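Peer 1: Input file: query_6.txt. Contents: compact mmCIF, C-alpha atoms.
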# COMPACT_ATOMS: atom_id res chain seq x y z
CA MET P 1 -27.87 7.52 36.62
CA ILE P 2 -25.40 9.40 38.80
CA ARG P 3 -21.93 8.23 37.79
CA VAL P 4 -19.41 8.21 40.67
CA VAL P 5 -15.65 7.76 41.01
CA LEU P 6 -14.34 6.73 44.45
CA ALA P 7 -10.91 8.03 45.52
CA ASP P 8 -9.57 6.73 48.83
CA ASP P 9 -6.32 5.01 49.75
CA GLN P 10 -8.14 2.46 51.93
CA ALA P 11 -9.60 -0.43 49.94
CA LEU P 12 -12.06 -1.28 52.70
CA VAL P 13 -13.48 2.26 52.67
CA ARG P 14 -13.88 2.16 48.89
CA ALA P 15 -15.60 -1.20 49.11
CA GLY P 16 -18.06 0.13 51.67
CA PHE P 17 -18.95 3.15 49.58
CA ARG P 18 -19.26 1.03 46.43
CA ALA P 19 -21.61 -1.44 48.12
CA LEU P 20 -23.79 1.42 49.38
CA LEU P 21 -23.93 3.29 46.07
CA ASP P 22 -24.32 0.28 43.80
CA ALA P 23 -27.32 -0.85 45.87
CA GLN P 24 -29.19 2.30 44.78
CA PRO P 25 -31.10 2.38 41.48
CA ASP P 26 -29.81 5.85 40.55
CA PHE P 27 -26.06 5.35 41.20
CA THR P 28 -23.29 3.54 39.40
CA VAL P 29 -19.62 3.47 40.45
CA VAL P 30 -17.52 3.85 37.29
CA GLY P 31 -14.08 3.68 38.86
CA GLU P 32 -11.94 3.49 42.00
CA ALA P 33 -8.65 5.25 42.72
CA SER P 34 -6.20 4.71 45.57
CA ASP P 35 -4.42 8.04 45.15
CA GLY P 36 -5.03 11.50 43.73
CA ALA P 37 -3.09 11.02 40.49
CA HIS P 38 -5.20 7.98 39.63
CA ALA P 39 -8.36 9.93 40.52
CA VAL P 40 -7.36 12.67 38.06
CA ARG P 41 -6.84 10.15 35.27
CA LEU P 42 -10.12 8.39 36.02
CA ALA P 43 -12.05 11.68 36.08
CA ALA P 44 -10.69 12.63 32.66
CA GLN P 45 -11.43 9.17 31.29
CA GLU P 46 -14.86 8.54 32.78
CA ARG P 47 -16.13 12.12 33.24
CA PRO P 48 -18.25 11.15 36.26
CA ASP P 49 -20.95 13.32 37.77
CA VAL P 50 -19.32 13.13 41.22
CA VAL P 51 -15.91 12.22 42.60
CA LEU P 52 -15.94 11.14 46.24
CA MET P 53 -12.45 12.37 47.15
CA ASP P 54 -10.50 11.50 50.29
CA ILE P 55 -8.55 14.60 51.27
CA ARG P 56 -5.54 12.72 52.70
CA MET P 57 -3.88 10.24 50.34
CA PRO P 58 -0.23 9.34 49.66
CA GLY P 59 1.53 11.00 46.76
CA THR P 60 -0.92 13.34 45.09
CA ASP P 61 -3.43 14.19 47.82
CA GLY P 62 -7.09 15.04 47.42
CA LEU P 63 -6.43 18.78 47.44
CA GLU P 64 -4.06 18.71 44.47
CA ALA P 65 -6.29 16.19 42.67
CA THR P 66 -9.24 18.55 43.14
CA ARG P 67 -7.28 21.42 41.59
CA ARG P 68 -6.32 19.33 38.57
CA ILE P 69 -9.81 17.97 37.97
CA VAL P 70 -11.46 21.39 38.27
CA ALA P 71 -8.89 22.83 35.83
CA ASP P 72 -9.52 20.10 33.23
CA PRO P 73 -12.08 21.25 30.61
CA ARG P 74 -13.08 17.62 30.08
CA CYS P 75 -14.34 17.56 33.68
CA ALA P 76 -16.43 20.74 33.50
CA ASP P 77 -19.53 18.87 34.64
CA THR P 78 -17.79 16.82 37.34
CA ARG P 79 -18.45 17.78 40.96
CA ILE P 80 -16.08 16.87 43.78
CA LEU P 81 -17.30 15.86 47.22
CA ILE P 82 -14.51 15.84 49.79
CA LEU P 83 -14.37 12.99 52.31
CA THR P 84 -12.65 13.70 55.61
CA THR P 85 -12.27 12.00 58.96
CA PHE P 86 -12.87 15.27 60.78
CA ASP P 87 -15.60 17.67 59.72
CA LEU P 88 -13.40 20.72 60.35
CA ASP P 89 -10.30 19.37 58.66
CA GLU P 90 -8.12 22.36 57.71
CA TYR P 91 -7.71 21.03 54.18
CA VAL P 92 -11.46 21.17 53.57
CA PHE P 93 -11.31 24.95 53.27
CA GLU P 94 -8.48 24.86 50.78
CA ALA P 95 -10.36 22.21 48.80
CA LEU P 96 -13.41 24.46 48.56
CA ARG P 97 -11.23 27.30 47.34
CA ALA P 98 -9.78 24.89 44.78
CA GLY P 99 -13.24 24.10 43.43
CA ALA P 100 -14.71 21.26 45.50
CA SER P 101 -18.49 21.41 45.83
CA GLY P 102 -18.84 20.27 49.43
CA PHE P 103 -17.65 17.82 52.04
CA LEU P 104 -18.75 14.87 54.14
CA VAL P 105 -17.28 13.19 57.17
CA LYS P 106 -16.62 9.50 56.66
CA ASP P 107 -18.87 8.41 59.51
CA THR P 108 -21.91 10.15 57.99
CA GLU P 109 -25.07 8.05 58.14
CA PRO P 110 -25.66 6.19 54.84
CA VAL P 111 -28.93 8.00 54.12
CA ASP P 112 -27.20 11.36 54.60
CA LEU P 113 -24.31 10.35 52.37
CA LEU P 114 -26.69 9.35 49.58
CA ARG P 115 -28.62 12.59 49.97
CA GLY P 116 -25.37 14.54 49.92
CA VAL P 117 -24.09 12.91 46.74
CA ARG P 118 -27.43 13.52 45.04
CA SER P 119 -27.31 17.18 46.11
CA ILE P 120 -23.80 17.63 44.76
CA ALA P 121 -24.73 15.92 41.48
CA ALA P 122 -27.66 18.33 41.15
CA GLY P 123 -25.30 21.29 41.51
CA GLU P 124 -26.55 22.34 44.93
CA GLY P 125 -23.11 22.71 46.47
CA LEU P 126 -22.76 22.42 50.22
CA LEU P 127 -24.99 19.89 51.84
CA SER P 128 -27.21 22.10 53.97
CA PRO P 129 -27.46 25.61 55.38
CA GLY P 130 -26.37 24.19 58.74
CA VAL P 131 -23.17 22.79 57.25
CA THR P 132 -22.70 26.03 55.35
CA ARG P 133 -22.92 28.11 58.51
CA ARG P 134 -20.42 25.89 60.33
CA LEU P 135 -18.08 26.11 57.37
CA ILE P 136 -18.42 29.89 57.21
CA GLU P 137 -17.61 30.25 60.90
CA GLU P 138 -14.39 28.31 60.44
CA PHE P 139 -13.64 30.05 57.13
CA ALA P 140 -13.82 33.42 58.87
CA LEU P 141 -11.72 32.32 61.86
CA ARG P 142 -9.01 30.68 59.79
CA SER P 143 -8.63 33.32 57.10
CA ARG P 144 -6.02 35.89 58.09
CA ALA P 145 -7.26 38.55 55.67
CA PRO P 146 -9.49 38.75 52.61
CA GLN P 147 -7.85 38.43 49.22
CA ALA P 148 -8.05 41.35 46.83
CA PRO P 149 -11.76 41.60 45.97
CA ARG P 150 -12.74 40.31 42.58
CA SER P 151 -14.75 42.61 40.36
CA VAL P 152 -18.45 42.59 41.19
CA ASP P 153 -19.36 45.07 38.47
CA ALA P 154 -21.24 42.36 36.59
CA LEU P 155 -23.70 41.95 39.46
CA THR P 156 -26.70 44.13 40.10
CA ASP P 157 -27.11 45.60 43.58
CA ARG P 158 -29.75 42.97 44.33
CA GLU P 159 -27.48 40.17 43.14
CA ARG P 160 -24.65 41.41 45.35
CA GLU P 161 -27.05 41.39 48.27
CA VAL P 162 -28.11 37.84 47.42
CA VAL P 163 -24.51 36.63 47.12
CA ALA P 164 -23.76 38.15 50.53
CA LEU P 165 -26.75 36.28 52.00
CA VAL P 166 -25.59 33.02 50.40
CA GLY P 167 -22.20 33.73 51.95
CA ALA P 168 -23.92 34.19 55.31
CA GLY P 169 -25.32 30.67 55.03
CA LEU P 170 -28.94 31.43 54.16
CA SER P 171 -31.01 29.03 52.09
CA ASN P 172 -33.13 30.26 49.17
CA ASP P 173 -36.23 30.25 51.35
CA GLU P 174 -34.44 32.28 54.03
CA ILE P 175 -33.16 34.72 51.41
CA ALA P 176 -36.71 35.11 50.09
CA GLU P 177 -38.00 35.83 53.58
CA ARG P 178 -35.20 38.34 54.28
CA LEU P 179 -35.75 40.23 51.00
CA VAL P 180 -39.54 39.84 51.01
CA VAL P 181 -39.63 38.12 47.63
CA SER P 182 -40.85 34.71 46.50
CA PRO P 183 -38.56 31.66 46.81
CA ALA P 184 -38.62 31.37 43.01
CA THR P 185 -37.34 34.94 42.69
CA ALA P 186 -34.60 34.29 45.23
CA LYS P 187 -33.57 31.16 43.34
CA THR P 188 -33.46 33.15 40.08
CA HIS P 189 -31.18 35.78 41.63
CA VAL P 190 -28.85 33.06 42.94
CA SER P 191 -28.76 31.34 39.53
CA ARG P 192 -28.02 34.58 37.70
CA ALA P 193 -25.23 35.45 40.13
CA MET P 194 -23.70 32.00 39.66
CA THR P 195 -23.81 32.44 35.88
CA LYS P 196 -22.24 35.91 35.94
CA LEU P 197 -19.49 34.82 38.32
CA SER P 198 -18.92 31.49 36.55
CA ALA P 199 -19.50 29.75 39.89
CA ARG P 200 -19.74 25.98 39.58
CA ASP P 201 -22.25 25.77 42.43
CA ARG P 202 -23.44 27.37 45.64
CA ALA P 203 -20.23 26.44 47.46
CA GLN P 204 -18.28 28.64 45.10
CA LEU P 205 -20.63 31.55 45.78
CA VAL P 206 -19.75 31.26 49.48
CA VAL P 207 -16.04 31.43 48.68
CA TYR P 208 -16.64 34.33 46.29
CA ALA P 209 -18.63 36.27 48.89
CA TYR P 210 -15.66 36.13 51.27
CA GLU P 211 -12.94 36.76 48.73
CA ALA P 212 -14.83 39.72 47.23
CA GLY P 213 -15.37 41.22 50.67
CA LEU P 214 -19.17 40.93 50.53
CA VAL P 215 -19.11 38.98 53.81
CA ARG P 216 -16.37 39.70 56.34
CA PRO P 217 -17.50 39.01 59.92
CA GLY P 218 -14.31 37.16 60.80
CA TRP P 219 -12.11 40.05 59.80
CA LEU P 220 -14.01 43.03 61.25
Translate the structure described by the file into structure tokens.
Peer 2:
Amino acid sequence: MIRVVLADDQALVRAGFRALLDAQPDFTVVGEASDGAHAVRLAAQERPDVVLMDIRMPGTDGLEATRRIVADPRCADTRILILTTFDLDEYVFEALRAGASGFLVKDTEPVDLLRGVRSIAAGEGLLSPGVTRRLIEEFALRSRAPQAPRSVDALTDREREVVALVGAGLSNDEIAERLVVSPATAKTHVSRAMTKLSARDRAQLVVYAYEAGLVRPGWL
């Protein structure tokens, strides 16, 4: 079962998501929060697989709640999926930097929402290469300058190349085709890079690729 906490200040929105998720055999909603502070407490108490987090809430917003949940060792296995009214909401990018694993717009089709939550629960990060590419485009345009690069000494040359390709929005199959290796080999390189960089998921590799200067099209 995929255990989910719903965090949204609108009761009607929470009710809609609960009805959709509870109707599935592999989901159970273990709590609802109307603000970020309550979401943080629920995450620590219930340790859900996924928190569906509204980015804009009164008091403690979804961005600050994301930071607190990611920083809590009790929530090491909890993934956060940001909910936003607009798919290019400026706070989405800060949320990804803070440790969120992906985002969805609230008017997403039900089947896509379910697929997205399952993907996040499985540690796959952003929902699709298409979403990743759109995110990267905005990430590059909005970022004024790269932060000081983190050390990449732990990565092999091949792993750095793979992280750069993940940052460019390529899927494992596309990485395999680009490097002329098998998809299984590409997946192994991605997994090893995530382990060495302590990345929670693929979304964090994208952020890392930009912050470490491995991908910089928006700043060149």
Peer 1: Would you mind telling me which residue in P:Ile69, P:Ala37, P:Asp8, P:Ala19 lies nearest to P:Leu83 when using all atoms listed in the file?
Peer 2: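 Selected residue with least distance to P:Leu83: P:Asp8.
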Peer 1: Excluding P:Val4 and residues on its chain fewer than 5 positions from it, collect all residues at most 10 Å away from it, counting only C-alpha atoms, and give them as a VMD selection string.
Peer 2: chain P and resid 18 21 to 22 27 to 32 43 46 to 52 78 to 80 117 121
Peer 1: Counting only C-alpha atoms, which of P:Ala212, P:Thr60, P:Gln24, P:Val206 gets nearest to P:Arg115?
Peer 2: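 Of the candidates, the smallest distance to P:Arg115 is held by P:Gln24.
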Peer 1: Just how far from atom CA of P:Asp112 is atom CA of P:Glu94, in Å to one decimal?
Peer 2: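 That distance, rounded to one decimal, is 23.4 Å.
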Peer 1: Between atom CA of P:Asp35 and atom CA of P:Ile55, measure the distance and give it in Å to one decimal.
Peer 2: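 Result for atom CA of P:Asp35 versus atom CA of P:Ile55: 9.9 Å, one decimal.
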Peer 1: Work out how far atom CA of P:Leu81 is from atom CA of P:Gly102, in Å to one decimal.
Peer 2: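 Separation between atom CA of P:Gly102 and atom CA of P:Leu81: 5.2 Å.
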Peer 1: Residues near P:Pro58, anyone? I mean within 8 Å using all atoms listed in the file, not counting same-chain ones fewer than 3 positions away, as a list in words.
Peer 2: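 Near P:Pro58, the qualifying residues are Asp9, Asp35, Gly36 and Asp61 of chain P.
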Peer 1: Looking at P:Phe93, P:Ala33, P:Val207, P:Ala100, which one is nearest to P:Thr66, with distances taken over all atoms listed in the file?
Peer 2: P:Ala100
Peer 1: At a cut-off of 10 Å, using all atoms listed in the file, what residues contact P:Ala203? Leave out same-chain residues fewer than 3 positions from it and give the result as a PyMOL selection string.
Peer 2: chain P and resi 96-97+99-102+120+123-127+132+166-167+199-200+206-208
Peer 1: Around all listed atoms of stretch 31-45 of chain P, padded 6 Å per side, what centre and edge lengths does the axis-aligned box have in Å to one decimal, as lines of an AutoDock Vina configuration file?
Peer 2:
center_x = -8.6
center_y = 8.1
center_z = 38.4
size_x = 23.0
size_y = 21.2
size_z = 26.3
Peer 1: For a quick check of understanding, using only C-alpha atoms, which of P:Arg118, P:Arg56, P:Arg202, P:Lys106 has the smallest distance to P:Leu170?
Peer 2: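 Between P:Arg118, P:Arg56, P:Arg202, P:Lys106, the residue approaching P:Leu170 most closely is P:Arg202.
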Peer 1: What lies within 7 Å of P:Val162 using only C-alpha atoms, ignoring chain neighbours under 4 positions off, as a PyMOL selection string?
Peer 2: chain P and resi 158+166+189-190
Peer 1: Could you please take those selected residues and save C-alpha atoms as a short mmCIF file (atom, residue, chain, number, x, y, z; two decimals), in the frame of the given file?
Peer 2:
data_model
loop_
_atom_site.label_atom_id
_atom_site.label_comp_id
_atom_site.auth_asym_id
_atom_site.auth_seq_id
_atom_site.Cartn_x
_atom_site.Cartn_y
_atom_site.Cartn_z
CA ARG P 158 -29.75 42.97 44.33
CA VAL P 166 -25.59 33.02 50.40
CA HIS P 189 -31.18 35.78 41.63
CA VAL P 190 -28.85 33.06 42.94
#
Peer 1: Of the candidates P:Leu6, P:Leu205, P:Ile82, P:Ala186, which shows the shortest atom-to-atom distance to P:Asn172, using only C-alpha atoms?
Peer 2: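 Nearest candidate to P:Asn172 out of P:Leu6, P:Leu205, P:Ile82, P:Ala186: P:Ala186.
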